[in-house]
Amino acid sequence: MSDAEARSRTVDPDALFVRLVRAHRDLSPEESRRLDAALVLLLVEALGDPQRLDVAIAAARTALGKPVEPPEEARE
Amino acid sequence: MRRVNPVYPFRRPPELAAGRGSAPVVLVGAGVVGLTLALDLALHGIATIVLDDDDTVSVGSRAICWSKRTLEIYDRLGLGQRLLDKGVTWKVGKVFFGDRLAYEFDLLPEPGHRMPAFVNLQQYYVEEWLVEACEASGRVDLRWKNRVEDLVPREDGVELRVVTPEGDYRLDAAWLLACDGARSRVREALGLPFLGKVFRDRFLIADVVIEGFEMPAERRFWFDPPFHPGQSVLLHKQPDSMWRIDFQLGAEADPEAEKDPQRVGARIRTMLGPEVPFELEWVSVYTFRCRRLERFRHGRILFVGDSAHQVSPFGARGGNGGVQDADNLAWKLAAVLDGRAPERLLDSYEAERIPAADENILHSTRATDFITPRTEAARAYRDAVLLLAKDHAFARRMVNAGRLSTPHSYRRSPLSTPDEADWALGPEPGAPAIDAPLPDGRFLLQHLGGEPVLLVFGAEAPAIEGVRRVVVPAEGLAAERWDAKRGTTYLLRPDQHVAARFRAPDPARIRAALDRLWGRAAPGGIA
């Protein structure tokens, strides 16, 4: 069992899910987006390691079935 | 409208008689950048012909925020005090989100500099004073209503076709300086493309005269304010009871309808309140670009200012960037023309100014992306940053309402001699000189001028040909800011950037650094 698996077993996964959803309970869709963005910013700051953000972005994009690198922005 | 622009007379060019003539240096575009370059060249002893298709200075305030580094350049050119006296000095910026203060900054928290962080002044004043100074120099042949129609680049110069109200003439220029702005005719004639980004959002810019309106001299920026919901607004104070207001309008705005004074007036009344009387002086609707030419030198043609690179207005990097281009090019071209330096010195113009342009483009693009979010996600992150800014320092650092122009350091310049000793502080090779008060009551930068200087701290300086010596104390604020001990020696370029620095003034190494500064060092060194 990896360290990450060991760590993730010590938290209650159902409770974690509920807490995230609950934080949005009284919010409009727009407020929800803001809250998620604020959460991400606070968590990135707490991580203190931009490389771990890159790893998380890559994992999240992969989960969505998107290429890890987004396409280049359209240029003139 | 209260302001009346000066009209400069058309003088019949002597070339009209024969139909042709020639000149060592021809400059196209008598805007703020072209005039600065012409004046700088004149002070270095170089005569220019300046061609401009118009006969006046800028209409509307245009570039208004003159940065500390630009003010130092104008001080070297003899106009610094005039900008200080007339302009509005400021250093504090405030950023609001909705009706709340999100973030406040001080751009120059330490005293002991001759020049402040910024002076706000309408571009037309600076241009008027530059015209006066150019005329007074006796070396600038200002030709209003002389439009470059076409040009043919040649190995040893450029052949220009110039159109005037009294006829056309051909002008052969050994060197052509294209200072003719974002819609440069010179660039167009050469078919050179810009690389970069075009933004779709439209902005409304207005000069508004409000008598008796009290507000501290500071920059104010609003994201999503109650008086202009969903968009941003920027407010700057100018002299003559004039205020600059920028309203973001979004991508769908109709530029013609938005220019209607009734409509602009309504926007301003909503912002100021119905009881504040004001007068509209100038209105324009614009979009902007963050882009540059691939190269700034094309043989005998050099691109300077907006003709070479363009940025968004957030950060005051357009006008300041262009003036700093001129500052970089003038002494080099002068030295090549009078034989003190080889022609390859001019390659360092783009080696130094392309990274500077890229820095400006990067900051200006990022600020624009923050100010005008183009996706829902971008807006959510932007708003979250603004909401977190009140209580979280990390979020305050992310608030980007324009990263204001700071001096560029020519870090990888071929003209710099790399450090050998250890330096904790002080301007690195390539960085501009740092100001400090001196015991004689003047400022350090006032001792430098436009020639190479050997700045020595607290010791006798060796006599070296082609460099003026300035000795300052090895104790005090100057020594502190320059990380100097007794014997510390800096070699400064004519544009007051550092070329080299030494812990002891060794003549042989200073001479080698001087050779490198003038581009005389053998190629193949550190590039």
# chains A, B, ... in the order shown; residues from 1 in each chain; ligands from 1
$ residues_around --residues "Gln122 (chain B)" --least-positions-apart "2" --cutoff "10 Å" --atoms "only C-alpha atoms" --output "list in words"
Ser58, Val59, Gly60, Ser61, Arg62, Ala63, Ile64, Cys65, Trp66, Lys86, Gly87, Val119, Asn120, Tyr124, Tyr125, Val126, Glu127, Asp207, Gln238, Pro239, Asp240, Met242 and Arg244 of chain B
$ write_last_selection --atoms "C-alpha atoms" --output "mmCIF file, in the first residue's frame"
data_model
loop_
_atom_site.group_PDB
_atom_site.id
_atom_site.type_symbol
_atom_site.label_atom_id
_atom_site.label_comp_id
_atom_site.auth_asym_id
_atom_site.auth_seq_id
_atom_site.Cartn_x
_atom_site.Cartn_y
_atom_site.Cartn_z
ATOM 1 C CA SER B 58 -1.171 64.613 -29.643
ATOM 2 C CA VAL B 59 -4.898 65.241 -29.474
ATOM 3 C CA GLY B 60 -6.131 64.185 -26.035
ATOM 4 C CA SER B 61 -4.014 63.232 -23.061
ATOM 5 C CA ARG B 62 -2.930 59.778 -24.405
ATOM 6 C CA ALA B 63 0.134 58.561 -22.474
ATOM 7 C CA ILE B 64 -0.220 60.242 -19.102
ATOM 8 C CA CYS B 65 1.781 58.203 -16.579
ATOM 9 C CA TRP B 66 5.496 58.985 -16.797
ATOM 10 C CA LYS B 86 3.590 70.776 -14.048
ATOM 11 C CA GLY B 87 2.681 67.121 -13.459
ATOM 12 C CA VAL B 119 4.114 61.838 -12.635
ATOM 13 C CA ASN B 120 0.809 62.215 -14.481
ATOM 14 C CA TYR B 124 0.674 66.965 -25.469
ATOM 15 C CA TYR B 125 2.604 69.004 -22.881
ATOM 16 C CA VAL B 126 5.617 66.701 -23.113
ATOM 17 C CA GLU B 127 5.474 66.844 -26.921
ATOM 18 C CA ASP B 207 -10.453 63.490 -20.349
ATOM 19 C CA GLN B 238 -3.950 65.061 -14.303
ATOM 20 C CA PRO B 239 -2.968 68.741 -14.060
ATOM 21 C CA ASP B 240 -5.449 71.510 -15.017
ATOM 22 C CA MET B 242 -8.423 67.210 -15.515
ATOM 23 C CA ARG B 244 -8.613 60.570 -17.019
#
$ residues_around --residues "Phe203 (chain B)" --least-positions-apart "5" --cutoff "7 Å" --atoms "only C-alpha atoms" --output "MDAnalysis selection string"
chainID B and resid 246:249 285:287
$ write_last_selection --atoms "N, CA and C atoms" --output "PDB file, in the first residue's frame"
ATOM      1  N   ASP B 246     -11.083  55.695 -17.670  1.00  0.00           N
ATOM      2  CA  ASP B 246     -11.190  54.591 -18.631  1.00  0.00           C
ATOM      3  C   ASP B 246     -12.339  53.695 -18.212  1.00  0.00           C
ATOM      4  N   PHE B 247     -13.307  53.504 -19.089  1.00  0.00           N
ATOM      5  CA  PHE B 247     -14.391  52.560 -18.822  1.00  0.00           C
ATOM      6  C   PHE B 247     -14.218  51.341 -19.723  1.00  0.00           C
ATOM      7  N   GLN B 248     -14.184  50.168 -19.128  1.00  0.00           N
ATOM      8  CA  GLN B 248     -14.235  48.948 -19.941  1.00  0.00           C
ATOM      9  C   GLN B 248     -15.656  48.807 -20.465  1.00  0.00           C
ATOM     10  N   LEU B 249     -15.794  48.513 -21.768  1.00  0.00           N
ATOM     11  CA  LEU B 249     -17.133  48.442 -22.359  1.00  0.00           C
ATOM     12  C   LEU B 249     -17.538  47.032 -22.755  1.00  0.00           C
ATOM     13  N   VAL B 285     -12.716  55.735 -28.190  1.00  0.00           N
ATOM     14  CA  VAL B 285     -12.995  54.328 -27.902  1.00  0.00           C
ATOM     15  C   VAL B 285     -11.905  53.510 -28.575  1.00  0.00           C
ATOM     16  N   TYR B 286     -11.314  52.596 -27.821  1.00  0.00           N
ATOM     17  CA  TYR B 286     -10.182  51.866 -28.384  1.00  0.00           C
ATOM     18  C   TYR B 286     -10.221  50.388 -28.017  1.00  0.00           C
ATOM     19  N   THR B 287      -9.501  49.605 -28.799  1.00  0.00           N
ATOM     20  CA  THR B 287      -9.164  48.223 -28.415  1.00  0.00           C
ATOM     21  C   THR B 287      -7.648  48.200 -28.392  1.00  0.00           C
TER      22      THR B 287
END
$ residues_around --residues "region 25-42 of chain A" --least-positions-apart "6" --cutoff "9 Å" --atoms "only C-alpha atoms" --output "ChimeraX atom specification"
/B:376-377,379-385,387-388,394-395
$ select_by_dssp --residues "region 116-333 of chain B" --states "helix (DSSP H, G or I)" --output "JSON, numbers by chain"
{"B": [123, 124, 125, 126, 127, 128, 129, 130, 131, 132, 133, 134, 135, 136, 137, 185, 186, 187, 188, 189, 190, 255, 256, 257, 258, 261, 262, 263, 264, 265, 266, 267, 268, 269, 270, 271, 272, 305, 306, 307, 318, 319, 320, 321, 322, 323, 324, 325, 326, 327, 328, 329, 330, 331, 332, 333]}
$ select_by_dssp --residues "region 212-293 of chain B" --states "strand (DSSP E or B)" --output "number ranges by chain"
B: 218-223, 232-238, 242-250, 279-286, 289-293
$ residues_around --residues "region 297-311 of chain B" --least-positions-apart "4" --cutoff "7 Å" --atoms "only C-alpha atoms" --output "PyMOL selection string"
chain B and resi 33+156-157+174-184+289-293+317-318+321-322+325-326+350+357+361+364
$ write_last_selection --atoms "N, CA and C atoms" --output "PDB file, in the first residue's frame"
ATOM      1  N   VAL B  33       7.886  59.634 -28.746  1.00  0.00           N
ATOM      2  CA  VAL B  33       9.090  58.803 -28.858  1.00  0.00           C
ATOM      3  C   VAL B  33      10.060  59.389 -29.887  1.00  0.00           C
ATOM      4  N   ASP B 156      23.089  50.633 -48.202  1.00  0.00           N
ATOM      5  CA  ASP B 156      23.730  51.706 -47.438  1.00  0.00           C
ATOM      6  C   ASP B 156      22.742  52.792 -47.039  1.00  0.00           C
ATOM      7  N   GLY B 157      21.463  52.459 -46.982  1.00  0.00           N
ATOM      8  CA  GLY B 157      20.495  53.465 -46.572  1.00  0.00           C
ATOM      9  C   GLY B 157      19.101  53.156 -47.068  1.00  0.00           C
ATOM     10  N   ALA B 174      20.795  57.792 -44.866  1.00  0.00           N
ATOM     11  CA  ALA B 174      21.757  56.737 -44.531  1.00  0.00           C
ATOM     12  C   ALA B 174      21.164  55.843 -43.434  1.00  0.00           C
ATOM     13  N   TRP B 175      20.420  56.464 -42.524  1.00  0.00           N
ATOM     14  CA  TRP B 175      19.745  55.729 -41.456  1.00  0.00           C
ATOM     15  C   TRP B 175      18.310  56.222 -41.346  1.00  0.00           C
ATOM     16  N   LEU B 176      17.393  55.290 -41.153  1.00  0.00           N
ATOM     17  CA  LEU B 176      15.989  55.664 -40.993  1.00  0.00           C
ATOM     18  C   LEU B 176      15.471  55.152 -39.643  1.00  0.00           C
ATOM     19  N   LEU B 177      14.920  56.076 -38.858  1.00  0.00           N
ATOM     20  CA  LEU B 177      14.392  55.714 -37.551  1.00  0.00           C
ATOM     21  C   LEU B 177      12.863  55.775 -37.623  1.00  0.00           C
ATOM     22  N   ALA B 178      12.227  54.617 -37.520  1.00  0.00           N
ATOM     23  CA  ALA B 178      10.771  54.543 -37.655  1.00  0.00           C
ATOM     24  C   ALA B 178      10.139  54.701 -36.278  1.00  0.00           C
ATOM     25  N   CYS B 179       9.660  55.911 -36.029  1.00  0.00           N
ATOM     26  CA  CYS B 179       8.974  56.208 -34.754  1.00  0.00           C
ATOM     27  C   CYS B 179       7.531  56.553 -35.078  1.00  0.00           C
ATOM     28  N   ASP B 180       6.970  55.898 -36.086  1.00  0.00           N
ATOM     29  CA  ASP B 180       5.680  56.329 -36.618  1.00  0.00           C
ATOM     30  C   ASP B 180       4.505  55.510 -36.102  1.00  0.00           C
ATOM     31  N   GLY B 181       4.664  54.950 -34.891  1.00  0.00           N
ATOM     32  CA  GLY B 181       3.511  54.447 -34.163  1.00  0.00           C
ATOM     33  C   GLY B 181       2.966  53.104 -34.617  1.00  0.00           C
ATOM     34  N   ALA B 182       1.841  52.731 -33.997  1.00  0.00           N
ATOM     35  CA  ALA B 182       1.272  51.401 -34.197  1.00  0.00           C
ATOM     36  C   ALA B 182       0.866  51.162 -35.655  1.00  0.00           C
ATOM     37  N   ARG B 183       0.499  52.237 -36.366  1.00  0.00           N
ATOM     38  CA  ARG B 183       0.130  52.081 -37.780  1.00  0.00           C
ATOM     39  C   ARG B 183       1.281  52.526 -38.681  1.00  0.00           C
ATOM     40  N   SER B 184       2.480  52.178 -38.275  1.00  0.00           N
ATOM     41  CA  SER B 184       3.700  52.610 -38.950  1.00  0.00           C
ATOM     42  C   SER B 184       3.664  52.388 -40.466  1.00  0.00           C
ATOM     43  N   ARG B 289      -3.693  45.838 -28.410  1.00  0.00           N
ATOM     44  CA  ARG B 289      -2.916  44.692 -28.839  1.00  0.00           C
ATOM     45  C   ARG B 289      -1.690  44.563 -27.953  1.00  0.00           C
ATOM     46  N   CYS B 290      -1.234  43.328 -27.768  1.00  0.00           N
ATOM     47  CA  CYS B 290       0.035  43.089 -27.072  1.00  0.00           C
ATOM     48  C   CYS B 290       0.897  42.304 -28.042  1.00  0.00           C
ATOM     49  N   ARG B 291       1.785  42.987 -28.758  1.00  0.00           N
ATOM     50  CA  ARG B 291       2.503  42.318 -29.835  1.00  0.00           C
ATOM     51  C   ARG B 291       3.742  43.104 -30.225  1.00  0.00           C
ATOM     52  N   ARG B 292       4.633  42.457 -30.976  1.00  0.00           N
ATOM     53  CA  ARG B 292       5.842  43.149 -31.417  1.00  0.00           C
ATOM     54  C   ARG B 292       6.344  42.606 -32.744  1.00  0.00           C
ATOM     55  N   LEU B 293       7.258  43.371 -33.337  1.00  0.00           N
ATOM     56  CA  LEU B 293       7.962  42.894 -34.524  1.00  0.00           C
ATOM     57  C   LEU B 293       8.950  41.813 -34.094  1.00  0.00           C
ATOM     58  N   ARG B 317       3.021  51.096 -19.871  1.00  0.00           N
ATOM     59  CA  ARG B 317       4.230  50.542 -20.468  1.00  0.00           C
ATOM     60  C   ARG B 317       4.430  50.926 -21.929  1.00  0.00           C
ATOM     61  N   GLY B 318       3.440  51.593 -22.535  1.00  0.00           N
ATOM     62  CA  GLY B 318       3.566  51.971 -23.942  1.00  0.00           C
ATOM     63  C   GLY B 318       4.501  53.152 -24.118  1.00  0.00           C
ATOM     64  N   GLY B 321       7.877  52.593 -22.356  1.00  0.00           N
ATOM     65  CA  GLY B 321       8.702  51.646 -23.101  1.00  0.00           C
ATOM     66  C   GLY B 321       9.345  52.309 -24.317  1.00  0.00           C
ATOM     67  N   GLY B 322       8.567  53.155 -25.003  1.00  0.00           N
ATOM     68  CA  GLY B 322       9.089  53.831 -26.195  1.00  0.00           C
ATOM     69  C   GLY B 322      10.185  54.831 -25.858  1.00  0.00           C
ATOM     70  N   ASP B 325      13.250  52.956 -25.234  1.00  0.00           N
ATOM     71  CA  ASP B 325      13.876  52.556 -26.510  1.00  0.00           C
ATOM     72  C   ASP B 325      14.771  53.682 -27.016  1.00  0.00           C
ATOM     73  N   ALA B 326      14.223  54.897 -27.022  1.00  0.00           N
ATOM     74  CA  ALA B 326      14.965  56.054 -27.536  1.00  0.00           C
ATOM     75  C   ALA B 326      16.235  56.271 -26.725  1.00  0.00           C
ATOM     76  N   GLU B 350      18.508  45.942 -30.336  1.00  0.00           N
ATOM     77  CA  GLU B 350      17.424  44.959 -30.246  1.00  0.00           C
ATOM     78  C   GLU B 350      17.758  43.848 -29.253  1.00  0.00           C
ATOM     79  N   ALA B 357      10.799  44.736 -24.347  1.00  0.00           N
ATOM     80  CA  ALA B 357       9.457  44.718 -24.937  1.00  0.00           C
ATOM     81  C   ALA B 357       8.710  43.464 -24.507  1.00  0.00           C
ATOM     82  N   ILE B 361       5.216  43.263 -22.697  1.00  0.00           N
ATOM     83  CA  ILE B 361       4.109  42.542 -23.317  1.00  0.00           C
ATOM     84  C   ILE B 361       3.567  41.477 -22.364  1.00  0.00           C
ATOM     85  N   SER B 364       1.677  43.214 -19.526  1.00  0.00           N
ATOM     86  CA  SER B 364       0.481  43.869 -20.021  1.00  0.00           C
ATOM     87  C   SER B 364      -0.560  42.838 -20.471  1.00  0.00           C
TER      88      SER B 364
END
